[in-house]
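Shown next: run-v6.cif, given as mmCIF, C-alpha atoms.
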data_my_file
loop_
_atom_site.label_atom_id
_atom_site.label_comp_id
_atom_site.auth_asym_id
_atom_site.auth_seq_id
_atom_site.Cartn_x
_atom_site.Cartn_y
_atom_site.Cartn_z
CA MET X 1 -19.51 -2.30 52.53
CA GLY X 2 -16.65 -0.31 51.13
CA GLN X 3 -14.28 -3.19 51.84
CA GLY X 4 -11.96 -4.52 49.16
CA LYS X 5 -11.38 -3.17 45.68
CA LYS X 6 -13.44 -0.29 44.41
CA TYR X 7 -12.85 -0.41 40.66
CA ILE X 8 -13.39 -3.84 39.16
CA PHE X 9 -12.73 -4.42 35.48
CA PHE X 10 -14.05 -7.52 33.74
CA GLY X 11 -12.21 -8.50 30.59
CA GLY X 12 -11.41 -11.39 28.33
CA LYS X 13 -11.79 -12.77 24.85
CA GLY X 14 -14.93 -11.98 22.85
CA GLY X 15 -17.98 -14.00 23.82
CA VAL X 16 -16.68 -15.55 27.07
CA GLY X 17 -19.26 -13.82 29.26
CA LYS X 18 -17.72 -10.50 30.31
CA THR X 19 -21.00 -8.64 30.23
CA THR X 20 -22.78 -11.43 32.10
CA CYS X 21 -20.17 -11.33 34.84
CA SER X 22 -20.11 -7.52 35.01
CA ALA X 23 -23.89 -7.30 35.18
CA ALA X 24 -24.25 -10.12 37.70
CA PHE X 25 -21.40 -8.89 39.85
CA SER X 26 -22.67 -5.32 39.91
CA LYS X 27 -26.10 -6.67 40.91
CA CYS X 28 -24.45 -8.73 43.62
CA CYS X 29 -22.72 -5.63 45.00
CA ALA X 30 -25.93 -3.58 44.83
CA LYS X 31 -27.87 -6.30 46.65
CA THR X 32 -25.31 -6.51 49.41
CA GLY X 33 -25.65 -2.80 50.08
CA ASP X 34 -22.93 -1.23 47.96
CA ARG X 35 -23.88 1.79 45.92
CA THR X 36 -22.72 0.46 42.58
CA LEU X 37 -22.12 1.87 39.13
CA VAL X 38 -21.66 -0.39 36.14
CA VAL X 39 -19.94 1.12 33.10
CA SER X 40 -19.49 -0.36 29.65
CA THR X 41 -16.34 0.69 27.79
CA ASP X 42 -17.04 -1.61 24.85
CA PRO X 43 -17.89 0.35 21.69
CA ALA X 44 -20.39 -2.46 20.94
CA HIS X 45 -22.40 -2.19 24.14
CA SER X 46 -24.49 -5.01 25.51
CA LEU X 47 -25.29 -3.95 29.08
CA ALA X 48 -28.72 -2.71 28.07
CA ASP X 49 -29.49 -6.01 26.35
CA ILE X 50 -28.61 -8.00 29.43
CA PHE X 51 -30.46 -5.79 31.90
CA GLY X 52 -33.41 -5.50 29.56
CA VAL X 53 -33.63 -1.75 30.13
CA SER X 54 -32.08 1.11 28.22
CA VAL X 55 -28.70 2.29 29.50
CA GLY X 56 -27.68 5.74 28.34
CA PRO X 57 -24.47 7.71 27.84
CA GLU X 58 -24.91 9.40 31.23
CA ILE X 59 -25.34 7.76 34.63
CA GLU X 60 -28.85 6.40 35.17
CA LEU X 61 -30.53 4.46 37.95
CA LEU X 62 -31.17 0.88 36.81
CA GLU X 63 -32.50 -0.62 40.00
CA GLU X 64 -32.11 -0.07 43.71
CA ASN X 65 -28.50 0.85 44.52
CA LEU X 66 -27.44 0.10 40.97
CA TYR X 67 -26.56 2.71 38.36
CA GLY X 68 -25.41 2.18 34.80
CA LEU X 69 -23.79 3.95 31.89
CA GLU X 70 -22.62 2.98 28.43
CA ILE X 71 -19.82 5.26 27.26
CA ASP X 72 -20.72 6.65 23.86
CA SER X 73 -17.49 7.48 22.10
CA GLU X 74 -19.19 9.57 19.45
CA ILE X 75 -20.95 11.81 21.95
CA GLU X 76 -17.73 12.25 23.92
CA ARG X 77 -15.74 13.06 20.77
CA ASN X 78 -18.29 15.62 19.69
CA LYS X 79 -18.28 17.31 23.10
CA TYR X 80 -14.51 17.52 22.91
CA SER X 81 -14.37 18.99 19.41
CA GLU X 82 -17.16 21.46 20.15
CA ARG X 83 -15.17 22.68 23.12
CA ILE X 84 -12.12 23.29 20.92
CA LYS X 85 -14.14 24.92 18.14
CA ALA X 86 -15.61 27.30 20.70
CA GLN X 87 -12.09 28.54 21.53
CA LEU X 88 -11.32 29.27 17.90
CA THR X 89 -13.24 32.50 17.50
CA ALA X 90 -10.89 35.05 19.04
CA GLY X 91 -8.79 36.86 16.47
CA ILE X 92 -8.46 34.16 13.84
CA SER X 93 -9.53 34.80 10.27
CA PRO X 94 -12.73 33.02 9.15
CA VAL X 95 -10.95 31.24 6.31
CA ILE X 96 -8.46 29.69 8.69
CA ILE X 97 -11.23 28.83 11.14
CA GLU X 98 -12.99 26.85 8.47
CA GLU X 99 -9.78 25.00 7.63
CA ILE X 100 -9.16 24.25 11.30
CA GLN X 101 -12.68 22.98 11.83
CA ARG X 102 -12.12 20.52 9.02
CA GLN X 103 -8.91 19.43 10.70
CA ILE X 104 -10.74 18.93 14.02
CA ASP X 105 -13.41 16.87 12.31
CA ALA X 106 -10.73 14.75 10.64
CA ALA X 107 -8.90 14.14 13.92
CA ASN X 108 -12.22 13.17 15.41
CA ILE X 109 -12.45 10.11 13.21
CA SER X 110 -8.71 9.39 13.07
CA PRO X 111 -7.45 6.00 14.26
CA GLY X 112 -7.20 6.04 18.01
CA ALA X 113 -9.78 8.80 18.52
CA GLU X 114 -12.46 6.37 19.63
CA GLU X 115 -10.26 4.79 22.27
CA ALA X 116 -8.96 8.14 23.41
CA ALA X 117 -12.51 9.42 23.90
CA ILE X 118 -13.56 6.32 25.82
CA PHE X 119 -10.41 6.53 27.90
CA ASP X 120 -10.96 10.19 28.81
CA LYS X 121 -14.54 9.48 29.82
CA PHE X 122 -13.70 6.52 31.99
CA ILE X 123 -10.96 8.42 33.79
CA GLU X 124 -13.42 11.30 34.25
CA ILE X 125 -15.95 8.89 35.78
CA ILE X 126 -13.39 7.54 38.23
CA LYS X 127 -12.20 11.01 39.18
CA GLU X 128 -15.54 12.74 39.41
CA LYS X 129 -17.88 9.95 40.46
CA GLY X 130 -15.44 7.81 42.42
CA ASP X 131 -16.56 9.31 45.74
CA GLU X 132 -20.26 8.85 45.03
CA PHE X 133 -20.07 5.08 44.65
CA ASP X 134 -18.79 2.17 46.72
CA ARG X 135 -18.03 0.12 43.62
CA ILE X 136 -17.58 0.86 39.96
CA VAL X 137 -17.69 -2.19 37.73
CA PHE X 138 -16.34 -1.91 34.19
CA ASP X 139 -17.59 -4.14 31.41
CA THR X 140 -14.72 -3.87 28.95
CA ALA X 141 -14.35 -4.63 25.26
CA PRO X 142 -12.58 -7.81 24.13
CA THR X 143 -8.96 -8.11 25.18
CA GLY X 144 -7.11 -6.35 22.35
CA HIS X 145 -9.14 -3.15 22.55
CA THR X 146 -8.98 -3.04 26.33
CA LEU X 147 -5.24 -3.61 26.49
CA ARG X 148 -4.72 -0.71 24.11
CA LEU X 149 -7.04 1.38 26.23
CA LEU X 150 -5.20 0.60 29.45
CA SER X 151 -1.76 1.13 27.94
CA LEU X 152 -2.73 4.59 26.66
CA PRO X 153 -1.42 6.58 29.63
CA GLU X 154 1.98 4.92 29.36
CA LEU X 155 2.26 5.48 25.61
CA MET X 156 0.71 8.93 25.53
CA GLY X 157 2.71 10.05 28.55
CA GLY X 158 5.86 9.35 26.55
CA TRP X 159 4.55 11.30 23.56
CA MET X 160 3.60 14.23 25.74
CA ASP X 161 7.10 14.29 27.25
CA ASN X 162 8.54 14.38 23.79
CA LEU X 163 6.24 17.19 22.63
CA ILE X 164 6.95 19.20 25.77
CA SER X 165 10.70 18.98 25.33
CA LYS X 166 10.48 19.83 21.61
CA ARG X 167 8.28 22.82 22.35
CA LYS X 168 10.65 24.02 25.04
CA SER X 169 13.68 23.86 22.81
CA ALA X 170 11.85 25.62 19.98
CA LEU X 171 10.79 28.36 22.38
CA SER X 172 14.25 28.86 23.78
CA LEU X 173 15.72 29.19 20.28
CA MET X 174 13.02 31.72 19.41
CA SER X 175 13.71 33.69 22.56
CA MET X 176 17.41 33.85 21.65
CA ILE X 177 16.61 35.63 18.40
CA HIS X 178 14.01 37.98 19.65
CA SER X 179 14.74 38.82 23.22
CA GLY X 180 17.74 37.07 24.62
CA GLU X 181 18.36 34.65 27.45
CA LYS X 182 16.67 36.64 30.19
CA ALA X 183 13.20 36.48 28.71
CA LYS X 184 13.50 32.77 27.97
CA GLN X 185 12.03 31.50 31.21
CA GLU X 186 9.19 33.97 31.01
CA ILE X 187 8.33 32.89 27.48
CA ILE X 188 8.37 29.24 28.52
CA ASP X 189 6.20 29.93 31.56
CA ARG X 190 3.63 31.89 29.61
CA ASP X 191 3.32 29.61 26.59
CA PRO X 192 -0.28 28.40 26.31
CA ILE X 193 0.78 25.38 24.24
CA LEU X 194 3.18 24.14 26.88
CA SER X 195 0.55 24.62 29.53
CA ILE X 196 -1.99 22.53 27.57
CA LEU X 197 0.58 19.80 27.00
CA GLN X 198 1.56 19.78 30.64
CA LYS X 199 -2.07 19.55 31.76
CA ARG X 200 -2.59 16.63 29.40
CA LYS X 201 0.51 14.94 30.71
CA ALA X 202 -0.69 15.40 34.29
CA LYS X 203 -4.00 13.78 33.34
CA PHE X 204 -2.21 10.74 31.94
CA GLU X 205 -0.13 10.52 35.08
CA GLN X 206 -3.23 10.61 37.25
CA ALA X 207 -4.84 7.94 35.10
CA ARG X 208 -1.78 5.80 35.43
CA GLU X 209 -1.81 6.18 39.21
CA ILE X 210 -5.44 5.06 39.28
CA LEU X 211 -4.72 2.06 37.07
CA ILE X 212 -1.78 0.75 39.06
CA ASP X 213 -3.25 1.33 42.52
CA SER X 214 -3.56 -2.20 43.87
CA ASP X 215 -5.59 -0.98 46.87
CA THR X 216 -8.53 0.13 44.77
CA MET X 217 -8.25 -1.40 41.32
CA GLU X 218 -8.31 -4.92 39.89
CA PHE X 219 -8.75 -6.55 36.54
CA ILE X 220 -10.66 -9.84 36.49
CA PHE X 221 -10.49 -12.07 33.41
CA VAL X 222 -13.39 -14.21 32.33
CA ILE X 223 -12.41 -17.37 30.47
CA ASN X 224 -14.07 -20.50 29.15
CA PRO X 225 -12.45 -23.91 29.53
CA GLU X 226 -11.24 -23.78 25.94
CA LYS X 227 -7.85 -23.37 24.39
CA LEU X 228 -7.98 -19.92 22.81
CA PRO X 229 -9.48 -17.96 25.73
CA ILE X 230 -6.90 -19.50 28.05
CA LEU X 231 -3.95 -18.68 25.83
CA GLU X 232 -5.16 -15.18 25.08
CA THR X 233 -5.77 -14.43 28.74
CA LYS X 234 -2.33 -15.72 29.66
CA LYS X 235 -0.77 -13.24 27.25
CA ALA X 236 -3.07 -10.44 28.41
CA ILE X 237 -2.11 -11.00 32.06
CA GLU X 238 1.56 -10.77 31.11
CA ILE X 239 0.92 -7.46 29.38
CA LEU X 240 -1.05 -6.04 32.30
CA MET X 241 1.69 -7.09 34.68
CA LYS X 242 4.20 -5.33 32.49
CA TYR X 243 2.16 -2.16 32.92
CA ARG X 244 1.80 -2.98 36.65
CA ILE X 245 -1.99 -3.09 36.45
CA PRO X 246 -3.26 -5.34 39.27
CA VAL X 247 -4.86 -8.59 38.11
CA GLY X 248 -7.48 -9.93 40.53
CA GLY X 249 -7.87 -13.39 39.05
CA VAL X 250 -9.91 -15.38 36.57
CA ILE X 251 -13.51 -16.58 36.46
CA VAL X 252 -14.11 -19.80 34.56
CA ASN X 253 -17.45 -19.50 32.80
CA ARG X 254 -19.57 -22.00 30.84
CA THR X 255 -18.46 -25.27 32.38
CA ILE X 256 -20.67 -28.25 31.56
CA PRO X 257 -22.78 -29.26 34.60
CA GLU X 258 -21.85 -32.73 35.96
CA GLU X 259 -25.37 -34.12 35.65
CA TYR X 260 -25.48 -33.59 31.88
CA SER X 261 -22.07 -34.95 31.15
CA LYS X 262 -22.97 -38.56 31.98
CA GLY X 263 -24.81 -41.03 29.76
CA ASN X 264 -24.38 -38.99 26.61
CA GLU X 265 -21.36 -39.65 24.41
CA PHE X 266 -21.12 -36.15 22.97
CA TRP X 267 -21.34 -34.34 26.29
CA SER X 268 -19.13 -36.79 28.15
CA LYS X 269 -16.45 -36.30 25.49
CA ARG X 270 -16.77 -32.56 25.84
CA LYS X 271 -16.55 -32.90 29.61
CA THR X 272 -13.32 -34.95 29.34
CA LEU X 273 -11.86 -32.24 27.15
CA GLU X 274 -13.07 -29.60 29.56
CA LEU X 275 -11.33 -31.33 32.47
CA GLN X 276 -8.09 -31.24 30.50
CA TYR X 277 -8.52 -27.53 30.01
CA MET X 278 -9.34 -27.11 33.70
CA ASP X 279 -5.96 -28.69 34.43
CA MET X 280 -4.39 -26.26 32.01
CA ILE X 281 -6.17 -23.35 33.71
CA ASN X 282 -4.95 -24.44 37.14
CA LYS X 283 -1.45 -24.73 35.77
CA GLU X 284 -1.46 -21.40 33.90
CA PHE X 285 -3.25 -19.40 36.58
CA PRO X 286 -2.19 -21.04 39.86
CA GLY X 287 -4.27 -19.82 42.80
CA ARG X 288 -5.99 -17.27 40.63
CA VAL X 289 -9.28 -19.01 39.85
CA LEU X 290 -11.88 -16.97 41.73
CA THR X 291 -14.94 -19.03 40.90
CA ILE X 292 -16.41 -21.43 38.35
CA LEU X 293 -19.76 -20.80 36.64
CA PRO X 294 -21.84 -23.40 34.79
CA LEU X 295 -23.16 -23.24 31.25
CA LEU X 296 -26.80 -22.19 31.47
CA GLU X 297 -29.68 -23.65 29.52
CA GLU X 298 -31.00 -20.26 28.47
CA ASP X 299 -29.73 -16.86 27.45
CA ILE X 300 -28.72 -14.67 30.32
CA LYS X 301 -31.40 -12.23 31.43
CA GLY X 302 -33.65 -11.37 34.40
CA ASP X 303 -33.94 -14.52 36.52
CA ASN X 304 -30.74 -16.07 35.23
CA LEU X 305 -28.85 -12.95 36.07
CA ASP X 306 -30.17 -13.18 39.62
CA THR X 307 -28.97 -16.79 39.88
CA VAL X 308 -25.47 -15.79 38.78
CA SER X 309 -25.43 -12.77 41.08
CA GLU X 310 -26.53 -14.98 44.03
CA HIS X 311 -23.56 -17.18 43.19
CA PHE X 312 -21.27 -14.12 43.23
CA ILE X 313 -22.56 -13.07 46.65
CA LYS X 314 -20.97 -16.23 48.06
CA VAL X 315 -17.56 -15.39 46.62
CA LYS X 316 -17.80 -11.60 46.75
CA ALA X 317 -15.09 -11.12 49.38
CA LYS X 318 -12.71 -13.29 47.41
CA MET X 319 -13.48 -11.43 44.19
CA LEU X 320 -12.83 -8.09 45.80
CA GLY X 321 -9.49 -9.36 47.00
CA GLU X 322 -10.33 -8.73 50.65
CA LYS X 323 -8.46 -11.76 51.89
CA LEU X 324 -5.80 -11.75 49.27
CA LYS X 325 -4.70 -8.26 50.14
CA MET O 1 59.65 25.83 6.58
CA GLY O 2 60.77 29.18 5.27
CA ILE O 3 59.90 32.44 6.96
CA LYS O 4 57.96 33.60 3.93
CA LYS O 5 55.73 30.59 4.07
CA THR O 6 55.13 31.10 7.78
CA ILE O 7 54.16 34.72 7.21
CA ALA O 8 51.92 33.74 4.31
CA LYS O 9 50.24 31.10 6.46
CA PHE O 10 49.79 33.61 9.30
CA CYS O 11 48.23 36.16 6.98
CA GLU O 12 45.87 33.57 5.58
CA ASP O 13 44.80 32.49 9.07
CA MET O 14 44.44 36.12 10.11
CA SER O 15 42.23 36.90 7.16
CA LEU O 16 40.01 33.95 8.07
CA VAL O 17 39.85 35.15 11.65
CA MET O 18 38.91 38.66 10.57
CA LYS O 19 36.35 37.38 8.14
CA GLY O 20 34.86 35.21 10.80
CA ALA O 21 34.95 38.01 13.34
CA PHE O 22 33.30 40.65 11.22
CA ASP O 23 30.83 38.36 9.57
CA PHE O 24 29.93 36.60 12.77
CA LYS O 25 26.87 38.53 13.76
CA SER O 26 24.88 38.25 10.58
CA LYS O 27 25.76 34.64 9.92
CA SER O 28 25.11 33.25 13.36
CA THR O 29 21.80 35.06 13.53
CA THR O 30 20.82 33.58 10.19
CA PHE O 31 21.74 30.11 11.38
CA LEU O 32 20.02 30.62 14.69
CA LYS O 33 16.90 31.85 12.99
CA LYS O 34 16.90 28.91 10.68
CA GLU O 35 17.39 26.52 13.54
CA ALA O 36 14.62 28.15 15.53
CA TYR O 37 12.15 28.00 12.66
CA ASP O 38 13.15 24.40 11.98
CA ALA O 39 12.55 23.51 15.61
CA GLN O 40 9.16 25.17 15.45
CA ASP O 41 8.33 23.34 12.21
CA ASN O 42 9.40 20.04 13.71
CA PHE O 43 7.18 20.62 16.69
CA ILE O 44 4.17 21.25 14.47
CA LEU O 45 5.10 18.17 12.44
CA LEU O 46 4.96 16.07 15.61
CA CYS O 47 1.55 17.53 16.41
CA PHE O 48 -0.10 17.58 12.99
CA GLY O 49 1.88 15.15 10.86
CA ASP O 50 -1.43 13.60 9.88
CA LEU O 51 -2.08 16.63 7.68
CA LEU O 52 0.81 15.38 5.55
CA GLY O 53 -0.32 11.78 5.75
CA LEU O 54 1.78 10.67 8.72
CA PRO O 55 -0.58 8.99 11.15
CA LEU O 56 0.19 9.96 14.75
CA PRO O 57 -1.22 8.29 17.86
CA THR O 58 -1.66 11.65 19.50
CA SER O 59 -3.67 13.43 16.82
CA TYR O 60 -6.82 13.32 18.96
CA TYR O 61 -5.05 15.15 21.76
CA THR O 62 -3.07 17.66 19.74
CA ILE O 63 -6.18 19.26 18.20
CA GLU O 64 -6.43 20.98 21.57
CA LEU O 65 -3.43 23.04 20.44
CA LEU O 66 -5.06 24.17 17.21
CA PRO O 67 -6.50 27.41 18.55
CA TYR O 68 -2.92 28.51 19.27
CA LEU O 69 -1.17 27.12 16.21
CA ALA O 70 -3.90 27.73 13.65
CA GLU O 71 -2.32 30.84 12.15
CA ASP O 72 1.02 29.12 11.51
CA LEU O 73 -0.43 26.01 10.03
CA GLU O 74 -0.92 27.03 6.43
CA ALA O 75 2.59 28.41 5.95
CA TRP O 76 3.97 25.41 7.76
CA GLU O 77 2.26 23.04 5.39
CA ARG O 78 3.78 24.86 2.41
CA ARG O 79 7.26 24.75 3.96
CA MET O 80 6.92 21.06 4.72
CA ILE O 81 5.96 20.22 1.17
CA ARG O 82 9.02 22.14 -0.01
CA ARG O 83 11.19 20.07 2.26
CA ASN O 84 11.69 17.50 -0.48
CA GLU O 85 14.49 19.76 -1.56
CA ILE O 86 16.08 18.74 1.67
CA TRP O 87 19.56 18.06 0.27
CA GLN O 88 19.72 21.42 -1.35
CA GLU O 89 18.86 22.95 1.96
CA LYS O 90 21.42 20.90 3.83
CA TRP O 91 24.20 21.91 1.43
CA ALA O 92 23.24 25.52 1.81
CA GLU O 93 23.89 25.24 5.53
CA PHE O 94 27.58 24.54 4.88
CA ASP O 95 29.04 27.76 3.68
CA PHE O 96 31.86 26.45 1.42
CA PHE O 97 32.41 29.43 -0.76
CA GLY O 98 31.51 32.36 1.44
#
What does the file become when written as structure tokens?
Amino acid sequence: MGQGKKYIFFGGKGGVGKTTCSAAFSKCCAKTGDRTLVVSTDPAHSLADIFGVSVGPEIELLEENLYGLEIDSEIERNKYSERIKAQLTAGISPVIIEEIQRQIDAANISPGAEEAAIFDKFIEIIKEKGDEFDRIVFDTAPTGHTLRLLSLPELMGGWMDNLISKRKSALSLMSMIHSGEKAKQEIIDRDPILSILQKRKAKFEQAREILIDSDTMEFIFVINPEKLPILETKKAIEILMKYRIPVGGVIVNRTIPEEYSKGNEFWSKRKTLELQYMDMINKEFPGRVLTILPLLEEDIKGDNLDTVSEHFIKVKAKMLGEKLK
Amino acid sequence: MGIKKTIAKFCEDMSLVMKGAFDFKSKSTTFLKKEAYDAQDNFILLCFGDLLGLPLPTSYYTIELLPYLAEDLEAWERRMIRRNEIWQEKWAEFDFFG
């Protein structure tokens, strides 16, 4: 308990089985005594569908030791804009307030707002709930969305730096006109805008520290033995490595069980193809395959989920990087 | 070079120096003011460029600044729209005939 990585992200191409793996792995952790939280960062949530119970926008108990939450971007965005609107009242004319509220509502649906809201919430969860849980498992959206999400602190950090330096130079020019060099530092220190920007920047820095901490964090990719998931994951791993986000390995999901691949032309052909892709996987991700899961005869739910989570119990230590560390 | 020419040149230089010296205060303050307001406008542009149709990746985060910049925003928008006369403005900065 408490050994190995604490924050485990499951990612990969759409439809490879990310939610299955997140759900089964969080169950596996809960069963083996870890107080576990499973969080969906995918705007199109499916945790509730797989667990067969409703999962809300705030942390809820799903079963013994296991808690769940689906981040609702809209709720988070509304909370954020309400907070800003509440600050608007003091000393600003009603006409301008109305204009500003329109601007806030527009920014709320601007491109990037959804990701930003999800990002803020998931960092908040790690910072505020990190101590309450032994493991937090993240069921992420398909690769593209998640990569953008994880690269936010890097990109936004740069923007914040830029805004801070522009604000500082504007303030020092202003101070030259109105009050001279002496007051400059005081004006810079007291500027509420600079202080907001600096707080924001600090938040991105903290987020970045969390994301690159190889002692606590890992990103696990789920792939199928097929061409596109393999290629996409290869590119995704390169990008994560560029951002120094630790990659824990890959899970190969939906392999055809041996017993069905014999005596049937269609399935034996598929199996031959699959073996070729397994070679490709071993070549592209040397030493990184954590475990291999079979294609199941039914949709994943209830009993099936237990079967997969039993499987994960056997490889849990490996998945949490305990030996690899 | 004849002495007359040298004196003439000296007088011309001197007059420029005097002009510069006595005019310095008002002109530099005007320039400084302009630069300061430009810097302030540029800052707002980086925060709320989307109001003018420039999509910015940070617009979700900069709305936090609105309570403090709200009052300036309307005038800023008007100034920005006027900025299409940018060349005129740039020429005005070089004081050729003053």
Output check: residues returned by the PyMOL selection byres ((chain X and resi 254) around 10), as a VMD selection string
chain X and resid 16 to 17 223 to 226 251 to 253 255 to 257 292 to 296
Within 8 Å of chain O: residues of chain X, using all atoms listed in the file, as a PyMOL selection string
chain X and resi 84+87-88+92+96-97+100+103-104+107-108+110-113+116+156+159+163+166-167+169-171+173-174+177+192-193+196
Could you tell me, as JSON, numbers by chain, exactly which residues end up selected when the PyMOL selection byres ((chain X and resi 283-290) around 6) is applied to this structure?
{"X": [249, 250, 251, 280, 281, 282, 291]}
What is the atom CA of X:Glu82 to atom CA of X:Phe138 distance in Å?
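It comes out at 27.3 Å.
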Go ahead and find all residues with at least one atom no further than 10 Å from (-16.8, 7.2, 23.5) in the file's coordinates, using only C-alpha atoms; report them as a PyMOL selection string.
chain X and resi 41-43+57+70-78+113-122
